[in-house]
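All remarks here apply to the structure that follows.
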Amino acid sequence: MKAKALVLVFLLALLLPAGVVSAADLTPTQQQLKALVENVRAKVKAGQKTQADLADDLNKFDSLLAQHRGEKTDDVAEVLLMKAMLYLEIFDDTAKGKELIQQLKRDYPATAAGESADKILARIQQRLEAEHIQSSLVTGAAFPDFNEKDLEGRPLSLANYKGKVVLVDFWATWCSPCMEELPHVLSAYEKHHRQGFDIVGVSLDKDEAKLKDFTRQMKMTWAQFFDGQMWSNKLAKRYGIQSIPATYLLDGEGKIIGKDLRGDQLETVLNKVLPGHLAKEPNPAAPR
């Protein structure tokens, strides 16, 4: 489940079914923008997502803005916002998107879109910082430790798992892809836990009672970190998590030996790395 730290106005517009809003309720500018967005939506759905693919549409955004040059209305500000979101969310061109949001703030300060500019700029910065953190979490690198409390109030630190192969799993009960991966995670735990494999979950859930009921029902007996903050989860922010499920497989020294292993990939890697751990006694202090 993709989590971008931006207001997903543009993506939501792309995903809205055509005809949800009656054309009679729209201003002429909104009608033009709606037609443009629907055209872009069709192209994106067909896999056309580059600036070259959408060059004609970009020109139409510019023509629409030029047509209403000098007008400081919400309608015109929304055109510029949509163009900015196209760069931010479809082209992944942060520099150009940021430039357009700054223009939005400068040229349309009294509009709803203009007033949202500072929040969007702050979220852009958060995303840049997250991407910087993610760039350091590569195979072979040490995964930074933490000292927190788990869902049951017990101390939780990766140092307590020294000597074990550990999967750090960022997930949530409301995340469909997480639920699709869960059978593989449960199977790996059941097969390999006694060989020195363990899991530390980081839940981005909001409802503690629901989370506890779910983990109990699914027999997820490993430790979970939870703070009820969803995408603002303390550890998710610390490690720059922008989408879930996100997983890191660590060796006995806490170094990353696998990332985002899906389906049978986790089982395959565990079969390769665990035999070397069988002769080692797990750390007696490690949670079981």
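In the structure tokens, chains take the letters A, B, ... in the order shown, each chain's residues start at 1, and ligands count up from 1 in the order shown.
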When you look at A:His193 with a cut-off of 10 Å (counting only C-alpha atoms), what residues show up, excluding the ones that are within fewer than 3 positions of it in the same chain? I need them as a PyMOL selection string. chain A and resi 164-166+187-190+196-199+288
Show which residues sit within 10 Å of A:Leu182, as a list in words. Count only C-alpha atoms, and ignore same-chain residues fewer than 6 positions away.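 Here the qualifying residues turn out to be Trp171, Thr173, Ser176, Ala188, Met218, Met220, Pro245, Arg262 and Gly263 of chain A.
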Let me see the file: selected residues, all heavy atoms, as a compact mmCIF listing (two decimals), in the first residue's frame.
# COMPACT_ATOMS: atom_id res chain seq x y z
N TRP A 171 3.83 -3.23 9.06
CA TRP A 171 2.58 -3.75 8.52
C TRP A 171 1.40 -3.11 9.23
O TRP A 171 1.55 -2.28 10.12
CB TRP A 171 2.54 -5.27 8.71
CG TRP A 171 2.32 -5.66 10.15
CD1 TRP A 171 3.21 -5.53 11.18
CD2 TRP A 171 1.12 -6.18 10.72
NE1 TRP A 171 2.65 -5.94 12.36
CE2 TRP A 171 1.36 -6.35 12.12
CE3 TRP A 171 -0.13 -6.52 10.21
CZ2 TRP A 171 0.39 -6.85 12.98
CZ3 TRP A 171 -1.08 -7.03 11.07
CH2 TRP A 171 -0.81 -7.19 12.45
N THR A 173 -3.13 -4.15 10.04
CA THR A 173 -4.27 -5.05 9.77
C THR A 173 -5.14 -4.52 8.64
O THR A 173 -5.85 -5.29 7.99
CB THR A 173 -5.13 -5.23 11.03
OG1 THR A 173 -5.66 -3.95 11.44
CG2 THR A 173 -4.33 -5.83 12.18
N SER A 176 -4.18 -4.42 2.80
CA SER A 176 -4.48 -5.63 2.03
C SER A 176 -3.23 -6.39 1.59
O SER A 176 -3.17 -7.62 1.74
CB SER A 176 -5.35 -5.29 0.83
OG SER A 176 -6.61 -4.79 1.24
N ALA A 188 6.76 -19.17 7.68
CA ALA A 188 8.20 -19.09 7.93
C ALA A 188 8.48 -19.14 9.43
O ALA A 188 9.43 -19.81 9.88
CB ALA A 188 8.76 -17.81 7.32
N MET A 218 -4.63 -14.80 15.04
CA MET A 218 -3.75 -15.34 14.01
C MET A 218 -2.52 -16.05 14.59
O MET A 218 -1.67 -16.53 13.84
CB MET A 218 -3.30 -14.22 13.06
CG MET A 218 -4.44 -13.53 12.33
SD MET A 218 -5.43 -14.67 11.33
CE MET A 218 -4.21 -15.21 10.13
N MET A 220 0.02 -14.77 16.14
CA MET A 220 1.24 -14.01 15.87
C MET A 220 1.89 -13.72 17.23
O MET A 220 1.66 -12.68 17.83
CB MET A 220 0.90 -12.73 15.11
CG MET A 220 0.24 -12.99 13.76
SD MET A 220 -0.53 -11.51 13.03
CE MET A 220 0.92 -10.50 12.69
N PRO A 245 3.43 -3.59 2.94
CA PRO A 245 4.41 -4.08 3.89
C PRO A 245 5.83 -3.69 3.49
O PRO A 245 6.16 -3.63 2.31
CB PRO A 245 4.24 -5.60 3.84
CG PRO A 245 3.72 -5.85 2.45
CD PRO A 245 2.83 -4.69 2.15
N ARG A 262 9.03 -11.16 -0.71
CA ARG A 262 7.62 -11.44 -0.91
C ARG A 262 7.39 -12.91 -1.24
O ARG A 262 8.24 -13.56 -1.85
CB ARG A 262 7.07 -10.58 -2.06
CG ARG A 262 7.16 -9.08 -1.81
CD ARG A 262 6.11 -8.62 -0.82
NE ARG A 262 6.12 -7.18 -0.66
CZ ARG A 262 6.76 -6.54 0.33
NH1 ARG A 262 7.41 -7.23 1.25
NH2 ARG A 262 6.72 -5.23 0.41
N GLY A 263 6.23 -13.40 -0.85
CA GLY A 263 5.85 -14.76 -1.18
C GLY A 263 6.86 -15.77 -0.67
O GLY A 263 7.25 -15.76 0.50
Nearest-residue call for A:Leu64, choices A:Lys34, A:Lys234, A:Lys212, A:Arg123, using only C-alpha atoms: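 Nearest candidate to A:Leu64 out of A:Lys34, A:Lys234, A:Lys212, A:Arg123: A:Lys34.
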Just give me the gap between atom CA of A:Ala246 and atom CA of A:Ala172 in Å, one decimal is fine. 10.5 Å
With only C-alpha atoms as the atoms that count, which of A:Tyr108, A:Leu270, A:Leu137, A:His184 lies nearest to A:Glu71? A:Tyr108
Stretch 210-260 of chain A: which residues are helix (DSSP H, G or I) by DSSP, as an NGL selection string? :A and (210-217 or 230-232 or 234-238)
Once you have the residues from the selection above, write them out as a compact mmCIF listing (two decimals), in the first residue's frame, restricted to all heavy atoms.
# COMPACT_ATOMS: atom_id res chain seq x y z
N LYS A 210 -8.15 -3.85 18.62
CA LYS A 210 -8.33 -4.61 17.39
C LYS A 210 -7.04 -5.32 17.01
O LYS A 210 -7.06 -6.49 16.58
CB LYS A 210 -8.77 -3.68 16.26
CG LYS A 210 -8.97 -4.38 14.94
CD LYS A 210 -9.42 -3.40 13.86
CE LYS A 210 -9.58 -4.10 12.51
NZ LYS A 210 -10.00 -3.14 11.44
N LEU A 211 -5.92 -4.64 17.17
CA LEU A 211 -4.63 -5.23 16.85
C LEU A 211 -4.35 -6.44 17.75
O LEU A 211 -3.93 -7.49 17.27
CB LEU A 211 -3.52 -4.19 17.00
CG LEU A 211 -2.08 -4.72 16.84
CD1 LEU A 211 -1.87 -5.29 15.45
CD2 LEU A 211 -1.08 -3.61 17.14
N LYS A 212 -4.59 -6.29 19.04
CA LYS A 212 -4.36 -7.40 19.97
C LYS A 212 -5.25 -8.59 19.64
O LYS A 212 -4.79 -9.74 19.66
CB LYS A 212 -4.58 -6.93 21.41
CG LYS A 212 -3.48 -6.04 21.96
CD LYS A 212 -3.73 -5.69 23.42
CE LYS A 212 -2.56 -4.91 24.01
NZ LYS A 212 -2.80 -4.56 25.44
N ASP A 213 -6.50 -8.32 19.34
CA ASP A 213 -7.41 -9.41 18.98
C ASP A 213 -6.94 -10.12 17.72
O ASP A 213 -6.98 -11.36 17.63
CB ASP A 213 -8.83 -8.86 18.76
CG ASP A 213 -9.52 -8.48 20.05
OD1 ASP A 213 -9.05 -8.90 21.13
OD2 ASP A 213 -10.54 -7.75 19.99
N PHE A 214 -6.47 -9.34 16.76
CA PHE A 214 -6.04 -9.92 15.49
C PHE A 214 -4.80 -10.79 15.68
O PHE A 214 -4.74 -11.93 15.18
CB PHE A 214 -5.75 -8.82 14.47
CG PHE A 214 -5.34 -9.33 13.13
CD1 PHE A 214 -6.29 -9.68 12.18
CD2 PHE A 214 -3.99 -9.46 12.79
CE1 PHE A 214 -5.91 -10.16 10.93
CE2 PHE A 214 -3.61 -9.95 11.55
CZ PHE A 214 -4.58 -10.29 10.61
N THR A 215 -3.79 -10.27 16.38
CA THR A 215 -2.56 -11.04 16.56
C THR A 215 -2.81 -12.30 17.38
O THR A 215 -2.21 -13.35 17.14
CB THR A 215 -1.47 -10.19 17.24
OG1 THR A 215 -1.96 -9.65 18.47
CG2 THR A 215 -1.05 -9.04 16.33
N ARG A 216 -3.73 -12.20 18.33
CA ARG A 216 -4.08 -13.38 19.14
C ARG A 216 -4.79 -14.42 18.28
O ARG A 216 -4.46 -15.61 18.33
CB ARG A 216 -4.97 -12.94 20.31
CG ARG A 216 -5.19 -14.01 21.36
CD ARG A 216 -6.04 -13.47 22.50
NE ARG A 216 -5.42 -12.31 23.13
CZ ARG A 216 -5.94 -11.09 23.11
NH1 ARG A 216 -7.09 -10.86 22.47
NH2 ARG A 216 -5.32 -10.09 23.69
N GLN A 217 -5.72 -13.96 17.47
CA GLN A 217 -6.48 -14.87 16.61
C GLN A 217 -5.58 -15.55 15.59
O GLN A 217 -5.74 -16.75 15.30
CB GLN A 217 -7.58 -14.09 15.91
CG GLN A 217 -8.40 -14.93 14.92
CD GLN A 217 -9.43 -14.09 14.17
OE1 GLN A 217 -9.63 -12.92 14.47
NE2 GLN A 217 -10.07 -14.68 13.18
N MET A 230 -0.45 5.36 13.21
CA MET A 230 -0.56 4.99 11.79
C MET A 230 0.70 5.44 11.01
O MET A 230 1.79 5.04 11.38
CB MET A 230 -1.85 5.55 11.21
CG MET A 230 -3.10 5.02 11.91
SD MET A 230 -4.67 5.49 11.16
CE MET A 230 -4.68 4.47 9.67
N TRP A 231 0.54 6.28 9.97
CA TRP A 231 1.72 6.65 9.17
C TRP A 231 2.69 7.54 9.93
O TRP A 231 3.84 7.73 9.48
CB TRP A 231 1.28 7.35 7.89
CG TRP A 231 0.67 6.39 6.91
CD1 TRP A 231 -0.64 6.32 6.53
CD2 TRP A 231 1.32 5.32 6.23
NE1 TRP A 231 -0.83 5.29 5.65
CE2 TRP A 231 0.35 4.66 5.44
CE3 TRP A 231 2.64 4.86 6.20
CZ2 TRP A 231 0.66 3.56 4.64
CZ3 TRP A 231 2.94 3.77 5.39
CH2 TRP A 231 1.97 3.14 4.62
N SER A 232 2.27 8.07 11.07
CA SER A 232 3.18 8.84 11.91
C SER A 232 3.81 7.98 13.00
O SER A 232 4.42 8.49 13.94
CB SER A 232 2.44 10.03 12.55
OG SER A 232 2.03 10.95 11.57
N LYS A 234 6.18 6.10 15.25
CA LYS A 234 7.53 6.57 15.60
C LYS A 234 8.62 5.84 14.83
O LYS A 234 9.53 6.46 14.27
CB LYS A 234 7.74 6.40 17.10
CG LYS A 234 9.09 6.88 17.61
CD LYS A 234 9.17 6.70 19.12
CE LYS A 234 10.52 7.20 19.67
NZ LYS A 234 10.58 7.02 21.15
N LEU A 235 8.54 4.51 14.79
CA LEU A 235 9.59 3.75 14.12
C LEU A 235 9.44 3.82 12.60
O LEU A 235 10.44 3.81 11.88
CB LEU A 235 9.57 2.30 14.59
CG LEU A 235 9.97 2.09 16.06
CD1 LEU A 235 10.02 0.59 16.39
CD2 LEU A 235 11.32 2.73 16.36
N ALA A 236 8.22 3.89 12.11
CA ALA A 236 8.02 4.03 10.67
C ALA A 236 8.65 5.33 10.17
O ALA A 236 9.30 5.36 9.11
CB ALA A 236 6.54 4.00 10.33
N LYS A 237 8.49 6.40 10.91
CA LYS A 237 9.09 7.67 10.53
C LYS A 237 10.61 7.61 10.65
O LYS A 237 11.33 8.13 9.80
CB LYS A 237 8.54 8.80 11.41
CG LYS A 237 7.07 9.12 11.15
CD LYS A 237 6.56 10.23 12.04
CE LYS A 237 7.21 11.56 11.72
NZ LYS A 237 6.64 12.67 12.52
N ARG A 238 11.09 6.96 11.70
CA ARG A 238 12.54 6.89 11.91
C ARG A 238 13.24 6.17 10.76
O ARG A 238 14.34 6.56 10.36
CB ARG A 238 12.84 6.16 13.22
CG ARG A 238 14.33 5.94 13.46
CD ARG A 238 14.64 5.33 14.79
NE ARG A 238 16.04 5.09 14.94
CZ ARG A 238 16.61 4.56 16.01
NH1 ARG A 238 15.86 4.22 17.05
NH2 ARG A 238 17.91 4.36 16.06
Give me, as a tab-separated table (two decimals) with C-alpha atoms, in the first residue's frame, all polymer residues having an atom no more than 8 Å from A:Thr139, counting only C-alpha atoms and skipping those fewer than 2 positions away in the same chain.
chain	number	residue	atom	x	y	z
A	137	LEU	CA	19.19	0.82	4.56
A	141	ALA	CA	24.36	-2.25	6.23
A	255	LYS	CA	23.01	-6.49	9.33
A	256	ILE	CA	20.50	-6.40	6.48
A	257	ILE	CA	20.56	-9.58	4.39
A	258	GLY	CA	17.22	-9.10	2.63
A	259	LYS	CA	14.59	-6.42	1.95
When distances are computed from only C-alpha atoms, which of A:Ala35, A:Ala117, A:Leu88, A:Arg127 shows the smallest separation from A:Gln102?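 When distances to A:Gln102 are compared using only C-alpha atoms, the smallest one comes from A:Ala117.
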Check the DSSP output for the backbone and give back, as JSON, numbers by chain, the residues of stretch 69-272 of chain A in strand (DSSP E). {"A": [148, 149, 155, 156, 165, 166, 167, 168, 169, 170, 171, 197, 198, 199, 200, 201, 202, 203, 223, 224, 225, 246, 247, 248, 249, 250, 256, 257, 258, 259]}
Convert the current residue selection to file output with C-alpha atoms, as a short mmCIF file (atom, residue, chain, number, x, y, z; two decimals), in the first residue's frame.
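New file again12.cif:
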data_model
loop_
_atom_site.label_atom_id
_atom_site.label_comp_id
_atom_site.auth_asym_id
_atom_site.auth_seq_id
_atom_site.Cartn_x
_atom_site.Cartn_y
_atom_site.Cartn_z
CA GLU A 148 11.02 0.88 22.92
CA LYS A 149 8.22 -1.04 24.62
CA PRO A 155 11.28 -3.82 26.58
CA LEU A 156 11.87 -4.16 22.86
CA VAL A 165 17.92 -14.06 12.12
CA VAL A 166 15.22 -11.44 12.54
CA LEU A 167 12.53 -10.10 10.24
CA VAL A 168 11.56 -6.51 11.03
CA ASP A 169 8.07 -6.23 9.56
CA PHE A 170 6.25 -2.90 9.07
CA TRP A 171 2.58 -3.75 8.52
CA PHE A 197 14.40 -17.16 13.31
CA ASP A 198 12.29 -14.45 14.92
CA ILE A 199 10.11 -11.52 13.93
CA VAL A 200 9.64 -8.00 15.26
CA GLY A 201 6.45 -6.39 14.02
CA VAL A 202 5.91 -2.66 13.73
CA SER A 203 2.18 -2.09 13.43
CA ALA A 223 6.70 -8.88 19.62
CA GLN A 224 4.89 -5.88 18.13
CA PHE A 225 5.65 -2.18 18.41
CA ALA A 246 8.07 -3.16 4.32
CA THR A 247 10.40 -5.82 5.67
CA TYR A 248 14.07 -6.12 6.56
CA LEU A 249 15.72 -9.47 7.22
CA LEU A 250 18.67 -9.16 9.59
CA ILE A 256 20.50 -6.40 6.48
CA ILE A 257 20.56 -9.58 4.39
CA GLY A 258 17.22 -9.10 2.63
CA LYS A 259 14.59 -6.42 1.95
#
Which residues are close to A:Ala122, i.e. within 12 Å by only C-alpha atoms, leaving aside same-chain residues fewer than 3 positions away? Reply as an MDAnalysis selection string. chainID A and resid 5:7 98 101:102 116:119 125:129
Write out as a ChimeraX atom specification which residues come within 8 Å of A:Ile90 when counting only C-alpha atoms, dropping same-chain ones fewer than 5 positions away. /A:49-50,85
Those same residues - all heavy atoms - I'd like them written as a PDB file, in the first residue's frame.
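What follows is the written file selection.pdb:
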ATOM      1  N   LYS A  49       2.916   7.184 -18.403  1.00  0.00           N
ATOM      2  CA  LYS A  49       3.172   7.918 -17.163  1.00  0.00           C
ATOM      3  C   LYS A  49       4.384   8.844 -17.237  1.00  0.00           C
ATOM      4  O   LYS A  49       4.752   9.450 -16.228  1.00  0.00           O
ATOM      5  CB  LYS A  49       3.369   6.929 -16.008  1.00  0.00           C
ATOM      6  CG  LYS A  49       2.172   6.035 -15.753  1.00  0.00           C
ATOM      7  CD  LYS A  49       2.447   5.076 -14.606  1.00  0.00           C
ATOM      8  CE  LYS A  49       1.250   4.169 -14.355  1.00  0.00           C
ATOM      9  NZ  LYS A  49       1.492   3.218 -13.237  1.00  0.00           N
ATOM     10  N   THR A  50       5.004   8.969 -18.392  1.00  0.00           N
ATOM     11  CA  THR A  50       6.180   9.825 -18.507  1.00  0.00           C
ATOM     12  C   THR A  50       5.791  11.216 -19.001  1.00  0.00           C
ATOM     13  O   THR A  50       4.690  11.425 -19.530  1.00  0.00           O
ATOM     14  CB  THR A  50       7.210   9.228 -19.485  1.00  0.00           C
ATOM     15  OG1 THR A  50       6.676   9.283 -20.817  1.00  0.00           O
ATOM     16  CG2 THR A  50       7.525   7.779 -19.115  1.00  0.00           C
ATOM     17  N   MET A  85       0.782  18.327  -8.764  1.00  0.00           N
ATOM     18  CA  MET A  85       0.627  16.950  -8.324  1.00  0.00           C
ATOM     19  C   MET A  85       0.988  15.957  -9.429  1.00  0.00           C
ATOM     20  O   MET A  85       1.434  14.847  -9.154  1.00  0.00           O
ATOM     21  CB  MET A  85      -0.802  16.708  -7.844  1.00  0.00           C
ATOM     22  CG  MET A  85      -1.102  17.355  -6.499  1.00  0.00           C
ATOM     23  SD  MET A  85      -0.002  16.707  -5.217  1.00  0.00           S
ATOM     24  CE  MET A  85      -0.333  17.890  -3.898  1.00  0.00           C
TER      25      MET A  85
END
Between A:Lys83, A:Lys72, A:Thr27, A:Leu65, which residue has the minimum interatomic distance to A:Val40, considering only C-alpha atoms? A:Lys83
Excluding stretch 52-57 of chain A and any residue of its chain fewer than 5 positions from it, enumerate the residues within 9 Å of it, using only C-alpha atoms, and give them as a list in words.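 Using only C-alpha atoms, the neighbours found are Leu36, Val37, Asn39, Val40, Lys43, Val44 and Asp62 of chain A.
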